[in-house]
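Asker: One structure is given below, represented as structure tokens, and several questions about it will come after.
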Amino acid sequence: MINEQDNNVTRVYSNEQDTVFKAIKRNVNFGRIKNLTARGYNCLKTRGLEATFREVAFRVCLMTKQEVWQFRADVPLHREWKAQRKEVFEKMPKISIVVPLYNTPDIFLQQMIKSCLNQSYVNLELVLADASDKEQNRIEKTVLRLNDGRIVYKKLAQNVGIAENTNEGFAIATGEYLALLDHDDTLQLNALYEVVKAINEQKADFIYSDEIILNSDMRKLCEYHFKPDFSPDTLRGCNYITHLSVFSRTLLEKAGGGERGAFNGSQDFDLILRLTEQAQHIYHIPKVLYFWRSHASSTASDIGAKPYAILAGAKAVQTQLDRLGLKGTAQPIEGKPGAYYVRYEIVGNPLVSVIIPNKDHTDDLDRLLHSFYEKAGYENFEIIVVENNSTHAATFAYYEKAKAEFKNLQVVHYKGDFNFSAICNFGVQSAKGEHILLLNNDIEILSQDFLRELLSYSQRKDVGAVGAKLYYPDDKIQHGGVFIGIGGTAGHSHKGHPRTSGGDMYRLATTQNFLAVTGACLLVKTSLYKQLNGLDEENFAVAFNDVDFCLRLYEAGYLNVFTPFADAYHYESKSRGYDNVGSNAVRFEKEKAAYLAKYAKILAAGDPYYNPHFTLKYENYGYV
């Protein structure tokens, strides 16, 4: 059933036999019809008949529950395709599309070849390395019948595995750049044009795009893969890049050459990890340029049916850790095929200073302390409770009790009006640790090894802030990382999703890179905290202080990390009213204005970790 909301009118189309005319007739809205007519005329005038048809077809398909992916905005119009064929770039490199063949069904073969030869960028060659052990003559005859000089065909003497078969293709390819394509998939007709555009405008040596998974006859949409820009921690958790991948031959040589048979099943993952380590400029094209076919024998259908591929993926991640000198162990995540957890070792025994602002609410604080001491999983920490203007005598009595009950706990007293940033900075003045953990008093730790997990990332030289996975008391996601631009300012990833959800492309189940994480639980090196002068007390006393701090870390060149393997309840109300009325509202608007002014460029460019195909209206990972 499809629900369409517009101007408080809800239309429900549940009968596939209903015509569009009947649907409109049942819900006449003349204002809306007038608006659509004006938009249709404008589209026809400025973009032409084909674009207008696509817009109409998109809406008709929505109303009649048919597939809409064919009418997406990033599918090139015919006139755009023709213009792209004539465009001349400063660099016009030959791109070799390398395809290992193995008993490829004829319809798959023909669709794949057609999608390559009809590219709007014409300086290409299609390299077919055929390891088929049956019907070889059929495949060879199909290729010869096409009689296209851009096709390079080689019949391999034997099938030595997909990695080595691909390498045979690399060996006979003559292009300056190489593109990987599976024998049962197809390319969008502007795929190579967009790649060459990125090579020229972005100086990219490794390029990847978004993709969609279609069913076996390439008619029905199975899944969108809308990806973030390059995210090294995200990549170790899941090969989100996959298709379309294009890279320079020079980069391939720097990365140690072609694919490796020891990683068969995840040979592309191993190669992508090596290539991205060496790349000078990795560029993500946020357009669907690759169509991944899902059928009974494909990994798009179910990688879980190929356990060897899952183990090979873990091996690929482990091998990268070893290459980079990162001490840790990579392992598959149970129940999430193709997803991996890296458990980093703690180097040394650094002291962690935990800063907990508190005003009364001793029940919350007691729950936090008991859960933290029980589940930290790391013993070398101190607790600094920052008392700020409590009014209950019982609160001060509790502090004395807590200092006696919990080791390495002290209470410091902040004087002054409520200013969350100033309170945290005041607490840090008493800290002796090499790392600072900002922690709200309304947190309850759930996972074992909570602090150990956070620290394992904070200790890395390339990491700035580290955040945890937080739930509301009803087991809905409260925090899974922060995206910039949602709601006009910033919002939480997957907010409101069920606790058990793996998220879009495993983004709730694996470690991710983000521009920011919430200050309700934020771990950072003390040296970085002080280098950035802590939270901004003047401009962001209450709101946006955590986002501002993380963005300053990002601008300084650090990765901010969210790990779902440290999780907790956050008892903050879903409908906080603190900033909605009176002086709080005035203060909030002032801080919001400061945030919007300071980060106007980032907001305009868009969050690199949040694909532009997703909506900025809500925090639910919905499509635009």
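To be explicit about the labels: the chains of the structure tokens are called A, B, and onward in the order shown, and within each one the residues are counted from 1, while ligands get numbers from 1 in the order they are shown.
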Would you list the contacts of Glu434 (chain A) as a list in words, taking every protein, DNA or RNA residue within 7 Å and counting only C-alpha atoms, but skipping same-chain residues closer than 4 positions in sequence?
Answerer: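 Skipping anything fewer than 4 positions along the chain leaves Pro350, Leu351, Val352, Lys525 and Thr526 of chain A.
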Asker: List every residue of region 167-300 of chain A that DSSP, applied to the backbone of this structure, assigns to alpha helix (DSSP H), and report them as a PyMOL selection string.
Answerer: chain A and resi 167-172+191-202+232-237+249-254+267-278+299-300
Asker: List every residue of region 149-212 of chain A that DSSP, applied to the backbone, labels as strand (DSSP E or B), and write the result as a list in words.
Answerer: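 For region 149-212 of chain A, the strand (DSSP E or B) set is Ile151, Val152, Tyr153, Lys154, Lys155, Tyr177, Leu178, Ala179, Leu180, Thr186, Leu187, Phe206, Ile207, Tyr208, Ser209, Asp210, Glu211 and Ile212 of chain A.
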Asker: Just checking: using only C-alpha atoms, which residue out of A:Gln410, A:Thr250, A:Asn147, A:Asn264 ends up closest to Phe206 (chain A)?
Answerer: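 The answer is A:Thr250, which sits nearest to Phe206 (chain A).
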Asker: Within 7 Å of region 612-624 of chain A, counting only C-alpha atoms, which residues qualify if same-chain residues fewer than 2 places away don't, as a list in words?
Answerer: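 Neighbouring residues, sequence-local ones excluded: Phe226, Gly485, Ile486, Gly487, Gly491, His492, Ser493, His494, Lys495, Gly496 and Tyr610 of chain A.
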Asker: For region 110-113 of chain A, please output as a PyMOL selection string all residues within 7 Å (counting only C-alpha atoms; exclusion window: fewer than 3 positions along the same chain).
Answerer: chain A and resi 106-107+116-117+183-186
Asker: I need the residues from that last selection saved to file as a compact mmCIF listing (two decimals), in the first residue's frame (with C-alpha atoms), if you can.
Answerer:
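Resulting contents of result.txt:
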```
# COMPACT_ATOMS: atom_id res chain seq x y z
CA ASP A 106 23.40 -15.41 -22.95
CA ILE A 107 20.86 -12.80 -21.82
CA CYS A 116 29.32 -1.02 -22.01
CA LEU A 117 29.33 -0.37 -25.75
CA HIS A 183 29.57 -10.66 -15.92
CA ASP A 184 25.92 -10.62 -14.77
CA ASP A 185 25.66 -6.87 -14.05
CA THR A 186 25.28 -3.73 -16.16
```
Asker: Just to confirm, what's the straight-line distance from CA of Ala393 (chain A) to CA of His570 (chain A) in Å (one decimal)?
Answerer: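 Separating CA of Ala393 (chain A) from CA of His570 (chain A) is a distance of 25.7 Å.
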Asker: With 10 Å as the cut-off and only C-alpha atoms counted, what is the closest atom pair between each nearby residue of region 238-276 of chain A and region 337-348 of chain A? Distances in Å to one decimal, ordered by chain and number, as a Markdown table.
Answerer:
```
| residue | atom | partner | partner_atom | distance |
| --- | --- | --- | --- | --- |
| A:Cys238 | CA | A:Ala339 | CA | 4.9 |
| A:Asn239 | CA | A:Gly338 | CA | 7.5 |
| A:Tyr240 | CA | A:Gly338 | CA | 9.7 |
| A:Ser266 | CA | A:Gly338 | CA | 9.4 |
```
Asker: Would you save the residues of that selection, restricted to N, CA and C atoms, as an mmCIF file, in the first residue's frame?
Answerer:
```
data_model
loop_
_atom_site.group_PDB
_atom_site.id
_atom_site.type_symbol
_atom_site.label_atom_id
_atom_site.label_comp_id
_atom_site.auth_asym_id
_atom_site.auth_seq_id
_atom_site.Cartn_x
_atom_site.Cartn_y
_atom_site.Cartn_z
ATOM 1 N N CYS A 238 32.411 -3.042 6.576
ATOM 2 C CA CYS A 238 31.565 -3.576 5.509
ATOM 3 C C CYS A 238 32.067 -3.006 4.185
ATOM 4 N N ASN A 239 32.190 -3.844 3.192
ATOM 5 C CA ASN A 239 32.627 -3.357 1.881
ATOM 6 C C ASN A 239 31.490 -2.588 1.228
ATOM 7 N N TYR A 240 31.318 -1.349 1.664
ATOM 8 C CA TYR A 240 30.232 -0.536 1.142
ATOM 9 C C TYR A 240 30.557 0.015 -0.250
ATOM 10 N N SER A 266 35.979 -12.658 -1.630
ATOM 11 C CA SER A 266 36.083 -11.256 -1.210
ATOM 12 C C SER A 266 37.315 -10.618 -1.840
#
```
Asker: With only C-alpha atoms as the basis for distance, which of A:Lys476, A:Lys114, A:Lys155, A:Arg260 is at the shortest distance from Asp130 (chain A)?
Answerer: A:Lys155
Asker: Quick one: residues within 8 Å of region 550-567 of chain A, only C-alpha atoms, excluding same-chain residues fewer than 2 positions away - as a ChimeraX atom specification?
Answerer: /A:233,445-451,453-454,457,462-471,480-481,508-517,532,546-548,569
Asker: For N, CA and C atoms, I'd like the residues from the last selection saved as a compact mmCIF listing (two decimals), in the first residue's frame.
Answerer:
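Result file part.txt:
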```txt
# COMPACT_ATOMS: atom_id res chain seq x y z
N ASP A 233 37.00 3.61 8.48
CA ASP A 233 36.46 2.71 9.50
C ASP A 233 35.19 2.02 9.01
N ILE A 445 24.98 2.19 31.27
CA ILE A 445 25.83 1.37 30.41
C ILE A 445 25.21 -0.02 30.23
N LEU A 446 25.22 -0.51 29.00
CA LEU A 446 24.65 -1.83 28.71
C LEU A 446 25.71 -2.86 28.33
N SER A 447 26.63 -2.49 27.45
CA SER A 447 27.58 -3.47 26.92
C SER A 447 28.78 -3.64 27.85
N GLN A 448 29.24 -4.87 27.92
CA GLN A 448 30.50 -5.13 28.62
C GLN A 448 31.65 -4.51 27.83
N ASP A 449 32.71 -4.14 28.51
CA ASP A 449 33.88 -3.55 27.86
C ASP A 449 33.56 -2.18 27.23
N PHE A 450 32.62 -1.46 27.83
CA PHE A 450 32.16 -0.19 27.26
C PHE A 450 33.31 0.80 27.09
N LEU A 451 34.03 1.09 28.16
CA LEU A 451 35.12 2.06 28.09
C LEU A 451 36.28 1.52 27.26
N GLU A 453 36.16 -0.39 24.70
CA GLU A 453 35.81 -0.26 23.29
C GLU A 453 36.03 1.18 22.80
N LEU A 454 35.55 2.14 23.54
CA LEU A 454 35.73 3.54 23.15
C LEU A 454 37.20 3.92 23.10
N TYR A 457 39.54 3.06 20.06
CA TYR A 457 39.54 3.97 18.92
C TYR A 457 40.20 5.29 19.26
N ASP A 462 44.92 8.86 14.30
CA ASP A 462 44.10 9.52 13.29
C ASP A 462 42.69 9.83 13.76
N VAL A 463 42.36 9.47 15.00
CA VAL A 463 40.98 9.60 15.49
C VAL A 463 40.85 10.79 16.42
N GLY A 464 39.74 11.52 16.25
CA GLY A 464 39.42 12.63 17.14
C GLY A 464 38.44 12.18 18.21
N ALA A 465 37.14 12.39 17.97
CA ALA A 465 36.11 12.04 18.96
C ALA A 465 35.56 10.65 18.67
N VAL A 466 35.16 9.96 19.75
CA VAL A 466 34.56 8.63 19.63
C VAL A 466 33.23 8.64 20.38
N GLY A 467 32.18 8.14 19.74
CA GLY A 467 30.86 8.11 20.35
C GLY A 467 30.28 6.72 20.40
N ALA A 468 29.26 6.54 21.25
CA ALA A 468 28.64 5.25 21.48
C ALA A 468 27.24 5.20 20.87
N LYS A 469 26.68 4.01 20.86
CA LYS A 469 25.30 3.80 20.40
C LYS A 469 24.37 3.94 21.60
N LEU A 470 23.40 4.84 21.49
CA LEU A 470 22.52 5.14 22.61
C LEU A 470 21.06 4.85 22.25
N TYR A 471 20.32 4.33 23.23
CA TYR A 471 18.91 4.01 23.04
C TYR A 471 18.05 4.82 24.00
N GLY A 480 23.02 7.30 16.79
CA GLY A 480 23.86 6.38 16.03
C GLY A 480 24.87 7.15 15.21
N GLY A 481 25.31 8.31 15.75
CA GLY A 481 26.15 9.23 15.01
C GLY A 481 25.34 10.46 14.62
N LEU A 508 24.16 0.73 11.51
CA LEU A 508 23.94 0.66 12.95
C LEU A 508 24.66 -0.53 13.58
N ALA A 509 25.20 -1.40 12.74
CA ALA A 509 25.81 -2.64 13.24
C ALA A 509 27.32 -2.63 13.18
N THR A 510 27.90 -1.68 12.45
CA THR A 510 29.35 -1.63 12.29
C THR A 510 29.89 -0.25 12.65
N THR A 511 31.16 -0.19 12.91
CA THR A 511 31.81 1.08 13.22
C THR A 511 31.76 2.00 12.00
N GLN A 512 31.49 3.29 12.24
CA GLN A 512 31.31 4.25 11.17
C GLN A 512 32.11 5.53 11.44
N ASN A 513 32.46 6.22 10.36
CA ASN A 513 32.99 7.57 10.48
C ASN A 513 31.86 8.58 10.30
N PHE A 514 31.86 9.61 11.13
CA PHE A 514 30.86 10.68 11.09
C PHE A 514 31.57 12.02 11.24
N LEU A 515 30.88 13.07 10.85
CA LEU A 515 31.40 14.41 11.15
C LEU A 515 31.33 14.69 12.64
N ALA A 516 30.33 14.11 13.33
CA ALA A 516 30.16 14.42 14.74
C ALA A 516 29.48 13.28 15.47
N VAL A 517 29.68 13.25 16.78
CA VAL A 517 28.96 12.35 17.69
C VAL A 517 28.43 13.18 18.85
N LEU A 532 42.16 22.33 21.21
CA LEU A 532 41.01 23.01 20.64
C LEU A 532 40.30 23.91 21.66
N ASP A 546 28.74 20.09 21.14
CA ASP A 546 29.37 18.83 20.74
C ASP A 546 29.62 18.79 19.23
N VAL A 547 28.63 19.24 18.45
CA VAL A 547 28.79 19.25 17.00
C VAL A 547 29.92 20.20 16.60
N ASP A 548 29.94 21.36 17.21
CA ASP A 548 31.01 22.33 16.93
C ASP A 548 32.38 21.75 17.27
N TYR A 569 21.71 2.97 27.47
CA TYR A 569 20.46 3.72 27.49
C TYR A 569 20.77 5.19 27.77
```
Asker: Which residues are near Arg323 (chain A)? Cut-off 10 Å, only C-alpha atoms, ignore same chain within fewer than 5 positions. Put them as a list in words.
Answerer: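 That gives Arg274, Glu277, Val317 and Gln318 of chain A.
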Asker: Output C-alpha atoms of each residue in that selection to a file, as a PDB file, in the first residue's frame.
Answerer:
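Generated output (again.pdb):
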```pdb
ATOM      1  CA  ARG A 274      44.759  -1.949  -0.756  1.00  0.00           C
ATOM      2  CA  GLU A 277      45.384   2.849   1.277  1.00  0.00           C
ATOM      3  CA  VAL A 317      40.393  -6.655   6.924  1.00  0.00           C
ATOM      4  CA  GLN A 318      42.865  -8.463   9.193  1.00  0.00           C
TER       5      GLN A 318
END
```
